[in-house]
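Have a look at the structure below, then the notes.
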Amino acid sequence: MGDLLAGAHVVLYSRDAERDRDFLREVLALPHVDAGHGWLVFALPPSEVAVHPSADSVAHALYLLCDDVQAFVTRVRQKDVVCSAVETQAWGLLTHLTLPGGGSLGVYQPRHPRPGH
């Protein structure tokens with residue numbers, strides 16, 4: 001069934017969508033296309049999905065992956081991006097950055113095996 005899927009489309013909801021789009025374009029330098037009328041759609045690097053057990057939540061979460069979280073934090077802080085201290089987790093090294101629209105986005109350096117790597 002996996003061969004029927006072409007990718008994933010992630011939606012970030014924002015209190016300031018224009019500033020968050022600028023952030024994705026200018027700070028994270030994600031490639032993008034104009035889908036019409038200035039509506040930008042951004043490319044993401046190869047992705048993965050995991051299903052975690054939860055007794056009471058059906059919420060979903062988005063984390064971006066990187067090869068070196070310390071280098072990532074250093075680079076985005078040079079662009080005045082607020083990042084949390086890097087936390088050591090069993091599955092990786094994690095930081096959260098604050099988007100201009102006020103949202104939080106997790107970025108981590110995985111320690112777990114990754115599909116396709």
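A note on labels: chains of the structure tokens are A, B, ... as shown, every chain counts residues from 1, and ligands are counted from 1 in their shown order.
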- [ ] Tell me, as a list in words, which residues lie within 9 Å of A:Leu65, counting only C-alpha atoms; anything in the same chain fewer than 2 positions away does not count.
- [x] Pro45, Ser47, Tyr63, Asp67, Val69, Gly106, Val107, Tyr108, Gln109 and Pro110 of chain A
Show which residues sit within 6 Å of stretch 16-33 of chain A, as an mmCIF file with N, CA and C atoms, in the first residue's frame. Count only C-alpha atoms, and ignore same-chain residues fewer than 6 positions away.
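And here is the file that came out, part_10.cif:
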```
data_model
loop_
_atom_site.group_PDB
_atom_site.id
_atom_site.type_symbol
_atom_site.label_atom_id
_atom_site.label_comp_id
_atom_site.auth_asym_id
_atom_site.auth_seq_id
_atom_site.Cartn_x
_atom_site.Cartn_y
_atom_site.Cartn_z
ATOM 1 N N LEU A 40 2.282 29.993 -0.503
ATOM 2 C CA LEU A 40 3.507 29.206 -0.620
ATOM 3 C C LEU A 40 3.325 27.809 -0.039
ATOM 4 N N VAL A 41 3.847 26.826 -0.759
ATOM 5 C CA VAL A 41 3.900 25.444 -0.294
ATOM 6 C C VAL A 41 5.369 25.055 -0.263
ATOM 7 N N PHE A 42 5.837 24.564 0.878
ATOM 8 C CA PHE A 42 7.250 24.295 1.097
ATOM 9 C C PHE A 42 7.571 22.814 0.977
ATOM 10 N N ALA A 43 8.735 22.534 0.419
ATOM 11 C CA ALA A 43 9.236 21.163 0.361
ATOM 12 C C ALA A 43 9.865 20.826 1.706
ATOM 13 N N PRO A 100 7.722 32.799 14.495
ATOM 14 C CA PRO A 100 7.278 34.191 14.630
ATOM 15 C C PRO A 100 5.796 34.323 14.992
ATOM 16 N N GLY A 101 4.976 33.370 14.550
ATOM 17 C CA GLY A 101 3.551 33.399 14.867
ATOM 18 C C GLY A 101 3.237 32.922 16.270
#
```
- [ ] Have a look at atom CA of A:Thr98 and atom CA of A:His37 and let me know their distance in Å, one decimal.
- [x] 26.9 Å
Task: Top pick for closest residue to A:Ser14, considering A:Thr95, A:Ser104, A:Ser57, A:Thr74 and counting only C-alpha atoms - done: A:Ser104
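Proximity to A:Leu97 was assessed for A:Pro115, A:Arg77, A:Val49, A:Tyr13 counting only C-alpha atoms; the smallest distance is recorded for A:Arg77.
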Task: Length of the atom CA of A:His9 to atom CA of A:Ala85 vector [Å] - done: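 Separation between atom CA of A:His9 and atom CA of A:Ala85: 28.8 Å.
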TODO: To one decimal in Å, tell me the separation between atom CA of A:Leu94 and atom CA of A:Leu44.
DONE: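 Atom CA of A:Leu44 lies 18.7 Å from atom CA of A:Leu94.
Among the residues of chain A, backbone DSSP assigns strand (DSSP E) to His32, Val33, Asp34, Leu40, Val41, Phe42, Tyr63, Leu64, Leu65, Glu87, Thr88, Gln89, Gly92, Leu93, Leu94, Thr95, His96, Leu97, Thr98, Ser104, Leu105, Gly106, Val107, Tyr108, Gln109 and Pro110 of chain A.
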Open item on the list: Could you pull out the alpha helix (DSSP H) residues of stretch 61-103 of chain A, going by DSSP on the backbone, and write them as a ChimeraX atom specification?
Closed with: /A:69-77
Selection export as a PDB file, in the first residue's frame, atoms kept: C-alpha atoms:
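That gives us again-v6.pdb:
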```pdb
ATOM      1  CA  VAL A  69      21.162  19.699  16.664  1.00  0.00           C
ATOM      2  CA  GLN A  70      23.870  21.844  18.303  1.00  0.00           C
ATOM      3  CA  ALA A  71      24.961  23.179  14.895  1.00  0.00           C
ATOM      4  CA  PHE A  72      21.312  23.785  13.986  1.00  0.00           C
ATOM      5  CA  VAL A  73      20.701  25.778  17.193  1.00  0.00           C
ATOM      6  CA  THR A  74      23.868  27.820  16.664  1.00  0.00           C
ATOM      7  CA  ARG A  75      22.898  28.651  13.092  1.00  0.00           C
ATOM      8  CA  VAL A  76      19.295  29.684  13.744  1.00  0.00           C
ATOM      9  CA  ARG A  77      20.201  31.682  16.861  1.00  0.00           C
TER      10      ARG A  77
END
```
